[in-house]
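Structure data follow from upload_1.pdb (PDB, C-alpha atoms):
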```pdb
ATOM      1  CA  MET A   1      54.939   1.794 -75.997
ATOM      2  CA  ARG A   2      53.051  -0.790 -73.975
ATOM      3  CA  THR A   3      53.178  -4.352 -75.091
ATOM      4  CA  PRO A   4      50.055  -6.542 -75.011
ATOM      5  CA  ARG A   5      51.567  -8.434 -72.051
ATOM      6  CA  THR A   6      52.016  -5.149 -70.106
ATOM      7  CA  THR A   7      48.488  -4.026 -70.900
ATOM      8  CA  THR A   8      47.091  -7.357 -69.731
ATOM      9  CA  ALA A   9      49.042  -7.166 -66.451
ATOM     10  CA  LEU A  10      47.782  -3.652 -65.740
ATOM     11  CA  ALA A  11      44.191  -4.652 -66.436
ATOM     12  CA  ALA A  12      44.500  -7.650 -64.132
ATOM     13  CA  ALA A  13      45.944  -5.453 -61.357
ATOM     14  CA  ALA A  14      43.098  -2.974 -61.749
ATOM     15  CA  LEU A  15      40.541  -5.778 -61.617
ATOM     16  CA  ILE A  16      42.089  -7.192 -58.440
ATOM     17  CA  THR A  17      42.026  -3.722 -56.838
ATOM     18  CA  MET A  18      38.341  -3.279 -57.719
ATOM     19  CA  LEU A  19      37.417  -6.716 -56.428
ATOM     20  CA  THR A  20      39.337  -6.136 -53.212
ATOM     21  CA  ALA A  21      37.587  -2.801 -52.632
ATOM     22  CA  GLY A  22      34.223  -4.335 -53.456
ATOM     23  CA  CYS A  23      34.758  -7.200 -51.026
ATOM     24  CA  SER A  24      35.734  -4.743 -48.295
ATOM     25  CA  GLN A  25      32.627  -2.623 -48.946
ATOM     26  CA  ASN A  26      30.356  -5.677 -49.012
ATOM     27  CA  SER A  27      31.820  -6.865 -45.741
ATOM     28  CA  GLU A  28      31.000  -3.500 -44.109
ATOM     29  CA  ASP A  29      27.480  -3.527 -45.573
ATOM     30  CA  ARG A  30      26.837  -7.010 -44.219
ATOM     31  CA  ALA A  31      28.116  -6.001 -40.801
ATOM     32  CA  GLY A  32      25.793  -2.992 -40.793
ATOM     33  CA  ALA A  33      22.831  -5.098 -41.927
ATOM     34  CA  GLU A  34      23.233  -7.676 -39.153
ATOM     35  CA  PRO A  35      20.809  -7.066 -36.257
ATOM     36  CA  ALA A  36      22.390  -5.761 -33.054
ATOM     37  CA  PRO A  37      22.380  -8.171 -30.145
ATOM     38  CA  ALA A  38      19.058  -8.011 -28.281
ATOM     39  CA  ARG A  39      19.198  -5.929 -25.127
ATOM     40  CA  PRO A  40      17.746  -7.410 -21.976
ATOM     41  CA  ALA A  41      14.267  -6.095 -21.246
ATOM     42  CA  ALA A  42      14.099  -3.354 -18.646
ATOM     43  CA  PRO A  43      12.728  -4.573 -15.326
ATOM     44  CA  SER A  44       9.055  -3.910 -14.799
ATOM     45  CA  THR A  45       8.235  -0.936 -12.620
ATOM     46  CA  ALA A  46       4.944  -2.497 -11.520
ATOM     47  CA  PRO A  47       5.272  -4.023  -8.055
ATOM     48  CA  ALA A  48       4.703  -7.776  -7.982
ATOM     49  CA  THR A  49       1.891  -8.981  -5.778
ATOM     50  CA  PRO A  50       3.477 -10.734  -2.792
ATOM     51  CA  GLU A  51       2.530 -14.280  -1.931
ATOM     52  CA  GLY A  52      -0.410 -14.302   0.459
ATOM     53  CA  ILE A  53      -2.282 -11.487  -1.315
ATOM     54  CA  SER A  54      -5.046 -12.449  -3.772
ATOM     55  CA  ALA A  55      -6.187 -10.376  -6.721
ATOM     56  CA  PHE A  56      -9.662  -8.846  -6.654
ATOM     57  CA  GLY A  57     -12.130 -11.337  -8.090
ATOM     58  CA  THR A  58     -10.187 -14.425  -6.986
ATOM     59  CA  PRO A  59     -12.171 -16.927  -4.847
ATOM     60  CA  VAL A  60     -10.276 -17.718  -1.649
ATOM     61  CA  SER A  61     -10.932 -20.477   0.890
ATOM     62  CA  ALA A  62     -11.578 -19.258   4.416
ATOM     63  CA  ALA A  63     -12.943 -20.355   7.789
ATOM     64  CA  GLY A  64     -12.902 -24.024   6.834
ATOM     65  CA  ASP A  65     -16.145 -24.324   4.873
ATOM     66  CA  TRP A  66     -16.341 -21.016   3.045
ATOM     67  CA  THR A  67     -15.114 -19.398  -0.140
ATOM     68  CA  LEU A  68     -14.810 -15.617  -0.237
ATOM     69  CA  GLU A  69     -14.498 -13.396  -3.284
ATOM     70  CA  LEU A  70     -14.030  -9.624  -3.231
ATOM     71  CA  ARG A  71     -14.834  -7.842  -6.455
ATOM     72  CA  ALA A  72     -12.838  -4.884  -7.700
ATOM     73  CA  PRO A  73     -14.207  -1.529  -6.461
ATOM     74  CA  GLU A  74     -16.173   0.617  -8.886
ATOM     75  CA  LYS A  75     -17.193   4.260  -8.724
ATOM     76  CA  THR A  76     -20.710   4.879  -7.481
ATOM     77  CA  GLU A  77     -22.989   7.686  -6.417
ATOM     78  CA  ALA A  78     -22.863   8.241  -2.702
ATOM     79  CA  PRO A  79     -26.239   7.285  -1.220
ATOM     80  CA  ALA A  80     -28.222  10.257   0.019
ATOM     81  CA  ASP A  81     -28.386   8.660   3.463
ATOM     82  CA  ALA A  82     -24.710   7.703   3.547
ATOM     83  CA  ARG A  83     -22.661   8.864   6.491
ATOM     84  CA  SER A  84     -18.952   9.337   7.149
ATOM     85  CA  ILE A  85     -17.926  10.366   3.618
ATOM     86  CA  PRO A  86     -15.482  13.294   3.828
ATOM     87  CA  ALA A  87     -16.202  16.214   1.516
ATOM     88  CA  GLY A  88     -14.637  15.829  -1.932
ATOM     89  CA  TRP A  89     -13.914  12.105  -1.569
ATOM     90  CA  THR A  90     -14.875   9.550  -4.213
ATOM     91  CA  ALA A  91     -17.513   6.948  -3.339
ATOM     92  CA  LEU A  92     -16.743   3.362  -4.370
ATOM     93  CA  ARG A  93     -18.793   0.187  -4.363
ATOM     94  CA  THR A  94     -17.553  -3.364  -3.968
ATOM     95  CA  THR A  95     -19.202  -6.709  -3.303
ATOM     96  CA  MET A  96     -18.056  -9.577  -1.133
ATOM     97  CA  LYS A  97     -19.453 -12.971  -2.080
ATOM     98  CA  PHE A  98     -19.616 -15.809   0.480
ATOM     99  CA  THR A  99     -20.167 -19.409  -0.644
ATOM    100  CA  ASN A 100     -20.998 -22.196   1.832
ATOM    101  CA  ARG A 101     -19.146 -25.371   0.818
ATOM    102  CA  ALA A 102     -20.299 -27.388   3.826
ATOM    103  CA  ASP A 103     -22.992 -30.084   3.659
ATOM    104  CA  HIS A 104     -25.128 -28.265   6.227
ATOM    105  CA  ILE A 105     -26.602 -24.847   6.888
ATOM    106  CA  ALA A 106     -23.913 -22.616   8.353
ATOM    107  CA  LYS A 107     -23.826 -19.187   9.927
ATOM    108  CA  LEU A 108     -21.900 -16.599   7.970
ATOM    109  CA  PRO A 109     -18.434 -16.037   9.438
ATOM    110  CA  HIS A 110     -17.994 -12.644  11.065
ATOM    111  CA  THR A 111     -15.896 -10.494   8.741
ATOM    112  CA  ALA A 112     -14.272  -7.104   9.289
ATOM    113  CA  LEU A 113     -12.777  -5.181   6.368
ATOM    114  CA  THR A 114     -10.014  -2.574   6.258
ATOM    115  CA  VAL A 115      -9.232  -0.832   2.969
ATOM    116  CA  ARG A 116      -5.833   0.825   2.521
ATOM    117  CA  TYR A 117      -4.751   2.663  -0.628
ATOM    118  CA  GLY A 118      -1.483   3.799  -2.196
ATOM    119  CA  ASP A 119       2.105   2.884  -1.348
ATOM    120  CA  GLU A 120       1.705   4.525   2.067
ATOM    121  CA  GLY A 121      -1.348   2.415   2.921
ATOM    122  CA  ARG A 122      -3.622   5.219   4.101
ATOM    123  CA  ALA A 123      -7.076   4.145   5.242
ATOM    124  CA  ALA A 124     -10.209   4.498   3.152
ATOM    125  CA  THR A 125     -13.463   5.348   4.902
ATOM    126  CA  LEU A 126     -16.134   2.643   4.917
ATOM    127  CA  PHE A 127     -19.723   3.848   4.783
ATOM    128  CA  THR A 128     -23.208   2.400   4.623
ATOM    129  CA  GLY A 129     -26.524   3.476   3.172
ATOM    130  CA  ALA A 130     -29.801   1.956   2.035
ATOM    131  CA  ALA A 131     -28.209   0.746  -1.224
ATOM    132  CA  LEU A 132     -24.923  -0.243   0.430
ATOM    133  CA  PRO A 133     -25.829  -1.981   3.703
ATOM    134  CA  GLY A 134     -22.358  -3.411   4.262
ATOM    135  CA  LEU A 135     -21.537  -6.736   5.900
ATOM    136  CA  PRO A 136     -24.187  -8.466   8.033
ATOM    137  CA  GLU A 137     -23.940  -8.189  11.792
ATOM    138  CA  ARG A 138     -22.299 -11.103  13.566
ATOM    139  CA  GLY A 139     -24.573 -14.156  13.803
ATOM    140  CA  THR A 140     -27.459 -12.668  11.797
ATOM    141  CA  ALA A 141     -27.104 -14.551   8.496
ATOM    142  CA  SER A 142     -27.117 -18.240   7.575
ATOM    143  CA  VAL A 143     -26.461 -19.875   4.210
ATOM    144  CA  LYS A 144     -27.677 -23.274   2.957
ATOM    145  CA  PRO A 145     -25.239 -25.886   1.561
ATOM    146  CA  GLY A 146     -23.848 -24.696  -1.756
ATOM    147  CA  GLY A 147     -25.598 -21.365  -1.329
ATOM    148  CA  THR A 148     -24.146 -17.896  -1.590
ATOM    149  CA  LEU A 149     -24.613 -14.531   0.081
ATOM    150  CA  THR A 150     -23.388 -11.230  -1.318
ATOM    151  CA  ALA A 151     -22.774  -8.079   0.678
ATOM    152  CA  ASP A 152     -22.596  -4.658  -0.966
ATOM    153  CA  ILE A 153     -19.982  -2.459   0.663
ATOM    154  CA  GLY A 154     -19.222   1.250   0.337
ATOM    155  CA  ALA A 155     -15.772   2.806   0.671
ATOM    156  CA  ALA A 156     -14.581   6.354   0.053
ATOM    157  CA  VAL A 157     -11.115   7.597  -0.935
ATOM    158  CA  PRO A 158      -9.749  11.069  -1.738
ATOM    159  CA  ALA A 159      -9.779  12.061  -5.411
ATOM    160  CA  PRO A 160      -5.961  11.830  -5.826
ATOM    161  CA  ALA A 161      -6.190   8.107  -4.957
ATOM    162  CA  ALA A 162      -7.722   7.347  -8.380
ATOM    163  CA  GLY A 163      -5.907   4.422 -10.003
ATOM    164  CA  ALA A 164      -3.803   3.735  -6.921
ATOM    165  CA  ARG A 165      -3.213   0.276  -5.512
ATOM    166  CA  ALA A 166      -5.751  -0.810  -2.904
ATOM    167  CA  THR A 167      -5.060  -3.545  -0.354
ATOM    168  CA  VAL A 168      -8.017  -4.934   1.578
ATOM    169  CA  THR A 169      -7.643  -6.880   4.804
ATOM    170  CA  ALA A 170     -10.500  -9.252   5.653
ATOM    171  CA  GLU A 171     -10.459 -10.563   9.212
ATOM    172  CA  VAL A 172     -12.696 -13.642   9.042
ATOM    173  CA  THR A 173     -13.849 -15.385  12.227
ATOM    174  CA  LYS A 174     -15.726 -18.679  11.962
ATOM    175  CA  GLU A 175     -18.815 -19.080  14.106
ATOM    176  CA  GLY A 176     -17.810 -20.386  17.536
ATOM    177  CA  MET A 177     -14.133 -19.462  17.121
ATOM    178  CA  ALA A 178     -12.280 -16.561  18.719
ATOM    179  CA  GLN A 179      -9.236 -16.369  16.425
ATOM    180  CA  ALA A 180      -9.664 -14.545  13.124
ATOM    181  CA  GLU A 181      -8.187 -15.724   9.839
ATOM    182  CA  ASN A 182      -6.566 -12.902   7.879
ATOM    183  CA  LEU A 183      -7.092 -12.655   4.132
ATOM    184  CA  PHE A 184      -5.649  -9.999   1.817
ATOM    185  CA  PHE A 185      -7.039  -8.833  -1.530
ATOM    186  CA  GLU A 186      -5.438  -6.336  -3.882
ATOM    187  CA  GLY A 187      -5.877  -4.456  -7.137
ATOM    188  CA  ASN A 188      -6.128  -0.933  -8.504
ATOM    189  CA  LEU A 189      -8.835   1.582  -7.728
ATOM    190  CA  PRO A 190     -10.808   2.902 -10.704
ATOM    191  CA  GLY A 191      -9.446   5.942 -12.485
ATOM    192  CA  HIS A 192      -6.141   7.072 -13.905
ATOM    193  CA  ALA A 193      -3.188   6.868 -11.568
ATOM    194  CA  PRO A 194      -1.168  10.117 -11.430
ATOM    195  CA  ALA A 195       2.596   9.970 -11.821
ATOM    196  CA  THR A 196       4.235   9.111  -8.521
ATOM    197  CA  SER A 197       7.737   9.376  -7.193
ATOM    198  CA  PRO A 198       9.574   6.199  -6.157
ATOM    199  CA  ALA A 199       8.497   4.836  -2.790
ATOM    200  CA  SER A 200      10.709   5.978   0.042
ATOM    201  CA  SER A 201      12.951   3.436   1.683
ATOM    202  CA  SER A 202      11.934   1.951   5.020
ATOM    203  CA  THR A 203      15.572   1.545   6.045
ATOM    204  CA  GLY A 204      16.592   4.427   8.259
ATOM    205  CA  PRO A 205      19.305   5.466  10.690
ATOM    206  CA  ALA A 206      21.134   2.833  12.659
ATOM    207  CA  ALA A 207      19.560   1.455  15.787
ATOM    208  CA  GLY A 208      20.501   3.314  18.941
ATOM    209  CA  THR A 209      20.254   6.799  17.412
ATOM    210  CA  THR A 210      17.425   9.314  17.265
ATOM    211  CA  VAL A 211      15.438   9.515  14.021
ATOM    212  CA  PRO A 212      14.413  12.812  12.382
ATOM    213  CA  LEU A 213      10.666  13.239  11.951
ATOM    214  CA  GLY A 214       9.771  12.265   8.390
ATOM    215  CA  THR A 215      12.475   9.570   8.212
ATOM    216  CA  TRP A 216      12.108   5.789   8.467
ATOM    217  CA  SER A 217      13.625   4.063  11.470
ATOM    218  CA  LYS A 218      15.506   0.776  11.279
ATOM    219  CA  SER A 219      12.509  -0.940  12.864
ATOM    220  CA  GLY A 220      10.212   0.158  10.017
ATOM    221  CA  LEU A 221       8.438   3.113  11.651
ATOM    222  CA  ARG A 222       8.041   6.644  10.395
ATOM    223  CA  LEU A 223       6.487   9.731  11.976
ATOM    224  CA  SER A 224       5.772  12.739   9.804
ATOM    225  CA  PRO A 225       6.616  16.253  11.006
ATOM    226  CA  ILE A 226       3.938  17.592  13.360
ATOM    227  CA  SER A 227       1.473  20.120  11.955
ATOM    228  CA  LEU A 228      -0.298  22.589  14.253
ATOM    229  CA  THR A 229      -3.373  24.806  14.269
ATOM    230  CA  GLN A 230      -3.549  28.212  15.913
ATOM    231  CA  GLY A 231      -3.747  28.132  19.698
ATOM    232  CA  ASP A 232      -6.798  29.273  21.633
ATOM    233  CA  GLY A 233      -5.356  29.570  25.129
ATOM    234  CA  ARG A 234      -6.326  26.016  26.009
ATOM    235  CA  GLY A 235      -3.762  24.364  23.775
ATOM    236  CA  ARG A 236      -3.054  23.702  20.142
ATOM    237  CA  GLN A 237      -4.434  20.900  18.024
ATOM    238  CA  ALA A 238      -1.634  18.824  16.529
ATOM    239  CA  GLN A 239      -1.458  15.920  14.134
ATOM    240  CA  LEU A 240       1.077  13.645  12.498
ATOM    241  CA  GLU A 241       1.053  10.556  10.328
ATOM    242  CA  LEU A 242       2.275   7.270  11.751
ATOM    243  CA  SER A 243       3.501   4.729   9.179
ATOM    244  CA  VAL A 244       4.385   1.104   9.869
ATOM    245  CA  ALA A 245       6.160  -1.006   7.225
ATOM    246  CA  ASN A 246       5.806  -4.772   7.081
ATOM    247  CA  ASN A 247       9.033  -5.872   5.375
ATOM    248  CA  THR A 248       8.379  -9.587   5.882
ATOM    249  CA  ALA A 249       6.591 -12.307   3.920
ATOM    250  CA  ASP A 250       4.078 -12.819   6.743
ATOM    251  CA  PRO A 251       1.188 -10.654   7.948
ATOM    252  CA  LYS A 252       2.203  -8.167  10.624
ATOM    253  CA  THR A 253       0.114  -7.594  13.714
ATOM    254  CA  GLY A 254      -1.629  -4.234  13.427
ATOM    255  CA  MET A 255       0.093  -0.949  14.087
ATOM    256  CA  ASN A 256      -0.469  -1.159  17.844
ATOM    257  CA  ILE A 257       1.893   1.732  18.615
ATOM    258  CA  SER A 258       1.768   4.133  21.563
ATOM    259  CA  LEU A 259       3.417   7.558  21.498
ATOM    260  CA  ARG A 260       4.795   9.995  24.067
ATOM    261  CA  VAL A 261       5.336  13.588  22.955
ATOM    262  CA  LEU A 262       8.040  15.486  24.871
ATOM    263  CA  SER A 263       9.035  19.145  24.542
ATOM    264  CA  GLY A 264      12.328  20.953  24.976
ATOM    265  CA  ASP A 265      15.691  19.697  26.138
ATOM    266  CA  ALA A 266      14.132  18.815  29.512
ATOM    267  CA  LEU A 267      11.850  16.281  27.756
ATOM    268  CA  ARG A 268       8.680  17.451  29.464
ATOM    269  CA  GLN A 269       5.800  15.180  28.481
ATOM    270  CA  ILE A 270       3.061  17.185  26.781
ATOM    271  CA  ALA A 271       0.965  14.432  25.225
ATOM    272  CA  SER A 272       0.466  10.671  25.424
ATOM    273  CA  ILE A 273      -1.466   8.650  22.858
ATOM    274  CA  THR A 274      -2.543   5.107  23.665
ATOM    275  CA  PRO A 275      -2.750   2.244  21.124
ATOM    276  CA  SER A 276      -6.481   2.885  20.677
ATOM    277  CA  LEU A 277      -5.927   5.695  18.206
ATOM    278  CA  GLY A 278      -9.407   5.635  16.712
ATOM    279  CA  TYR A 279      -8.543   3.508  13.688
ATOM    280  CA  LYS A 280      -9.129  -0.151  12.956
ATOM    281  CA  ASP A 281      -5.919  -1.909  13.976
ATOM    282  CA  ALA A 282      -6.020  -4.504  11.208
ATOM    283  CA  PRO A 283      -3.040  -6.701  10.304
ATOM    284  CA  ILE A 284      -0.675  -5.329   7.654
ATOM    285  CA  ALA A 285      -0.260  -7.400   4.493
ATOM    286  CA  PRO A 286       3.143  -8.874   3.571
ATOM    287  CA  HIS A 287       5.543  -6.281   2.103
ATOM    288  CA  ARG A 288       3.009  -3.488   2.514
ATOM    289  CA  THR A 289       2.791  -0.331   4.633
ATOM    290  CA  ALA A 290      -0.015   1.089   6.767
ATOM    291  CA  THR A 291      -0.382   4.764   7.639
ATOM    292  CA  THR A 292      -2.785   6.464  10.024
ATOM    293  CA  LEU A 293      -3.406  10.028  11.138
ATOM    294  CA  VAL A 294      -2.822  10.692  14.842
ATOM    295  CA  ARG A 295      -4.412  13.761  16.467
ATOM    296  CA  PHE A 296      -3.574  15.176  19.890
ATOM    297  CA  THR A 297      -3.383  18.443  21.846
ATOM    298  CA  ILE A 298      -0.264  20.226  23.117
ATOM    299  CA  PRO A 299       0.101  23.332  25.328
ATOM    300  CA  ASP A 300       0.758  26.674  23.638
ATOM    301  CA  THR A 301       3.906  27.090  25.713
ATOM    302  CA  ALA A 302       5.602  24.209  23.856
ATOM    303  CA  VAL A 303       5.692  26.214  20.629
ATOM    304  CA  PRO A 304       8.139  27.054  19.161
ATOM    305  CA  GLY A 305      10.818  24.636  20.207
ATOM    306  CA  PRO A 306      12.337  21.181  19.854
ATOM    307  CA  VAL A 307      10.074  18.158  20.175
ATOM    308  CA  THR A 308      10.800  14.501  20.843
ATOM    309  CA  VAL A 309       8.363  11.651  20.173
ATOM    310  CA  GLU A 310       8.970   8.213  21.635
ATOM    311  CA  THR A 311       7.108   5.261  20.115
ATOM    312  CA  SER A 312       6.555   1.948  21.883
ATOM    313  CA  THR A 313       5.354  -1.291  20.339
ATOM    314  CA  ALA A 314       3.394  -3.997  22.114
ATOM    315  CA  GLY A 315       6.608  -6.023  22.229
ATOM    316  CA  GLY A 316       8.439  -3.260  24.078
ATOM    317  CA  THR A 317      10.547  -1.872  21.220
ATOM    318  CA  ARG A 318      11.046   1.873  21.636
ATOM    319  CA  THR A 319      12.170   4.377  19.006
ATOM    320  CA  THR A 320      12.961   8.051  19.523
ATOM    321  CA  PHE A 321      12.098  10.678  16.888
ATOM    322  CA  GLU A 322      13.158  14.343  16.960
ATOM    323  CA  GLY A 323      11.909  17.482  15.259
ATOM    324  CA  THR A 324      10.740  21.034  15.821
ATOM    325  CA  LEU A 325       7.407  22.612  16.699
ATOM    326  CA  SER A 326       6.836  25.858  14.851
TER     327      SER A 326
END
```

Full structure transcribed into structure tokens:
Amino acid sequence: MRTPRTTTALAAAALITMLTAGCSQNSEDRAGAEPAPARPAAPSTAPATPEGISAFGTPVSAAGDWTLELRAPEKTEAPADARSIPAGWTALRTTMKFTNRADHIAKLPHTALTVRYGDEGRAATLFTGAALPGLPERGTASVKPGGTLTADIGAAVPAPAAGARATVTAEVTKEGMAQAENLFFEGNLPGHAPATSPASSSTGPAAGTTVPLGTWSKSGLRLSPISLTQGDGRGRQAQLELSVANNTADPKTGMNISLRVLSGDALRQIASITPSLGYKDAPIAPHRTATTLVRFTIPDTAVPGPVTVETSTAGGTRTTFEGTLS
């Protein structure tokens, strides 16, 4: 038979056990209710605009007494009289606005534009028409103090370039001067950008070795594999893409690359392409790449077989690429 003292002791022990269990459970609940430490935000996948490149729509000082502004391109109908628009390409319209900040009438600085799109920096095609006359000819336009002049400019890009980054180089030469000032503008083309794979690295094999076609060299050059058309007895039409990366914080002098194409183990020269490749050799913006299509002719007898392409820069740097003609 339990005495009152025994009963009281048992009740107290039970109460202590319940309180202990309750405290343990509450402690776990509080731990679960506390917010987890904040995770650091994932780095942005959008490339930052390098210093020296202005966003579309930003007024930029140029040629001493002028302010230039390049508006973001918009889709437009290709003028009926427009020329040089490849079939299936999208016509775009942009406007460049010049403002004369001098206290006297001044001639418009001569300006040449180059539009490159995408991570590879392929060239858009500039075109003109009655509604898109382009930039005035050198020395033909003057602007009063505080006045402005706008030029409507047409550019065409392939349909897959929709939404891609566009980098515009403006080479601005003040009246009476020979040296151009280089300005860079950047933004996205209209449209929805398709999913893209990460940009390929511009760091390739070590210097002093040959570079496979399609691979970046240490010096920041890349040649695509060579594509061929059917021969006609007089030779075969060939083409490749030449890419030049500017991995510095300063503008890079234009591509300015010459190529020698050599066939077989005997390295017989079958083609030579001079720096005047038929494209505008505009400077390359900081931390951007420029790509151009190079066309040439090779003899039928060189196919199939190994091919070597040697590139030479204006400064004398030579790089050797290797591949196969098939």

>> I'd like the residues picked by the PyMOL selection byres ((chain A and resi 298) around 12) written out as a ChimeraX atom specification, using the chain letters and numbers from the file.
In response: /A:226-239,260-263,268-273,295-297,299-304,307,325

With C-alpha atoms retained, could you export that selection as a PDB file, in the frame of the given file?
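Here's the written file again-v9.pdb:
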```pdb
ATOM      1  CA  ILE A 226       3.938  17.592  13.360  1.00  0.00           C
ATOM      2  CA  SER A 227       1.473  20.120  11.955  1.00  0.00           C
ATOM      3  CA  LEU A 228      -0.298  22.589  14.253  1.00  0.00           C
ATOM      4  CA  THR A 229      -3.373  24.806  14.269  1.00  0.00           C
ATOM      5  CA  GLN A 230      -3.549  28.212  15.913  1.00  0.00           C
ATOM      6  CA  GLY A 231      -3.747  28.132  19.698  1.00  0.00           C
ATOM      7  CA  ASP A 232      -6.798  29.273  21.633  1.00  0.00           C
ATOM      8  CA  GLY A 233      -5.356  29.570  25.129  1.00  0.00           C
ATOM      9  CA  ARG A 234      -6.326  26.016  26.009  1.00  0.00           C
ATOM     10  CA  GLY A 235      -3.762  24.364  23.775  1.00  0.00           C
ATOM     11  CA  ARG A 236      -3.054  23.702  20.142  1.00  0.00           C
ATOM     12  CA  GLN A 237      -4.434  20.900  18.024  1.00  0.00           C
ATOM     13  CA  ALA A 238      -1.634  18.824  16.529  1.00  0.00           C
ATOM     14  CA  GLN A 239      -1.458  15.920  14.134  1.00  0.00           C
ATOM     15  CA  ARG A 260       4.795   9.995  24.067  1.00  0.00           C
ATOM     16  CA  VAL A 261       5.336  13.588  22.955  1.00  0.00           C
ATOM     17  CA  LEU A 262       8.040  15.486  24.871  1.00  0.00           C
ATOM     18  CA  SER A 263       9.035  19.145  24.542  1.00  0.00           C
ATOM     19  CA  ARG A 268       8.680  17.451  29.464  1.00  0.00           C
ATOM     20  CA  GLN A 269       5.800  15.180  28.481  1.00  0.00           C
ATOM     21  CA  ILE A 270       3.061  17.185  26.781  1.00  0.00           C
ATOM     22  CA  ALA A 271       0.965  14.432  25.225  1.00  0.00           C
ATOM     23  CA  SER A 272       0.466  10.671  25.424  1.00  0.00           C
ATOM     24  CA  ILE A 273      -1.466   8.650  22.858  1.00  0.00           C
ATOM     25  CA  ARG A 295      -4.412  13.761  16.467  1.00  0.00           C
ATOM     26  CA  PHE A 296      -3.574  15.176  19.890  1.00  0.00           C
ATOM     27  CA  THR A 297      -3.383  18.443  21.846  1.00  0.00           C
ATOM     28  CA  PRO A 299       0.101  23.332  25.328  1.00  0.00           C
ATOM     29  CA  ASP A 300       0.758  26.674  23.638  1.00  0.00           C
ATOM     30  CA  THR A 301       3.906  27.090  25.713  1.00  0.00           C
ATOM     31  CA  ALA A 302       5.602  24.209  23.856  1.00  0.00           C
ATOM     32  CA  VAL A 303       5.692  26.214  20.629  1.00  0.00           C
ATOM     33  CA  PRO A 304       8.139  27.054  19.161  1.00  0.00           C
ATOM     34  CA  VAL A 307      10.074  18.158  20.175  1.00  0.00           C
ATOM     35  CA  LEU A 325       7.407  22.612  16.699  1.00  0.00           C
TER      36      LEU A 325
END
```

> Any idea what's packed within 12 Å of Thr99 in chain A, counting all atoms listed in the file, ignoring anything in its chain fewer than 3 positions away? Could you give it as JSON, numbers by chain?
Replying inline: {"A": [59, 60, 61, 62, 63, 64, 65, 66, 67, 68, 69, 70, 96, 102, 103, 105, 106, 107, 108, 109, 142, 143, 144, 145, 146, 147, 148, 149, 150, 151]}

Run through the PyMOL selection byres ((chain A and resi 174) around 7) on the given coordinates and return the selected residues as a PDB file with C-alpha atoms, in the coordinates of the input.
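The result, stored in selection.pdb:
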```pdb
ATOM      1  CA  ALA A  63     -12.943 -20.355   7.789  1.00  0.00           C
ATOM      2  CA  PRO A 109     -18.434 -16.037   9.438  1.00  0.00           C
ATOM      3  CA  HIS A 110     -17.994 -12.644  11.065  1.00  0.00           C
ATOM      4  CA  VAL A 172     -12.696 -13.642   9.042  1.00  0.00           C
ATOM      5  CA  THR A 173     -13.849 -15.385  12.227  1.00  0.00           C
ATOM      6  CA  GLU A 175     -18.815 -19.080  14.106  1.00  0.00           C
ATOM      7  CA  GLY A 176     -17.810 -20.386  17.536  1.00  0.00           C
ATOM      8  CA  MET A 177     -14.133 -19.462  17.121  1.00  0.00           C
TER       9      MET A 177
END
```

If the PyMOL selection byres ((chain A and resi 117-121) around 8) is run on the structure shown, which residues does it catch, given as a short mmCIF file (atom, residue, chain, number, x, y, z; two decimals) with C-alpha atoms, in the coordinates of the input?
```
data_model
loop_
_atom_site.label_atom_id
_atom_site.label_comp_id
_atom_site.auth_asym_id
_atom_site.auth_seq_id
_atom_site.Cartn_x
_atom_site.Cartn_y
_atom_site.Cartn_z
CA VAL A 115 -9.23 -0.83 2.97
CA ARG A 116 -5.83 0.82 2.52
CA ARG A 122 -3.62 5.22 4.10
CA ALA A 123 -7.08 4.14 5.24
CA ALA A 124 -10.21 4.50 3.15
CA ALA A 161 -6.19 8.11 -4.96
CA ALA A 164 -3.80 3.74 -6.92
CA ARG A 165 -3.21 0.28 -5.51
CA ALA A 166 -5.75 -0.81 -2.90
CA THR A 167 -5.06 -3.54 -0.35
CA ALA A 199 8.50 4.84 -2.79
CA SER A 243 3.50 4.73 9.18
CA ARG A 288 3.01 -3.49 2.51
CA THR A 289 2.79 -0.33 4.63
CA ALA A 290 -0.02 1.09 6.77
CA THR A 291 -0.38 4.76 7.64
#
```

> Any idea what the distance is between CA of Glu137 in chain A and CA of Ser54 in chain A?
Replying inline: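 Atom-to-atom, CA of Glu137 in chain A to CA of Ser54 in chain A, that is 24.8 Å.
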
>> Report, in Å to a single decimal, how far apart CA of Glu51 in chain A and CA of Pro160 in chain A are.
In response: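 CA of Glu51 in chain A lies at a distance of 27.7 Å from CA of Pro160 in chain A.
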
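Those residues positioned at most 12 Å from (-14.0, 17.7, -1.4) are Ile85, Pro86, Ala87, Gly88, Trp89, Thr90, Ala91, Ala156, Val157, Pro158, Ala159 and Pro160 of chain A, judged using all atoms listed in the file.
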
>> If I take CA of Thr125 in chain A and CA of Val309 in chain A, how far is one from the other in Å, to one decimal?
In response: 27.4 Å

>> I want to know what sits within 6 Å of Gly163 in chain A, based on all atoms listed in the file, with residues of the same chain fewer than 2 positions away left out; could you give that as JSON, numbers by chain?
In response: {"A": [188, 189, 190, 191, 192, 193]}
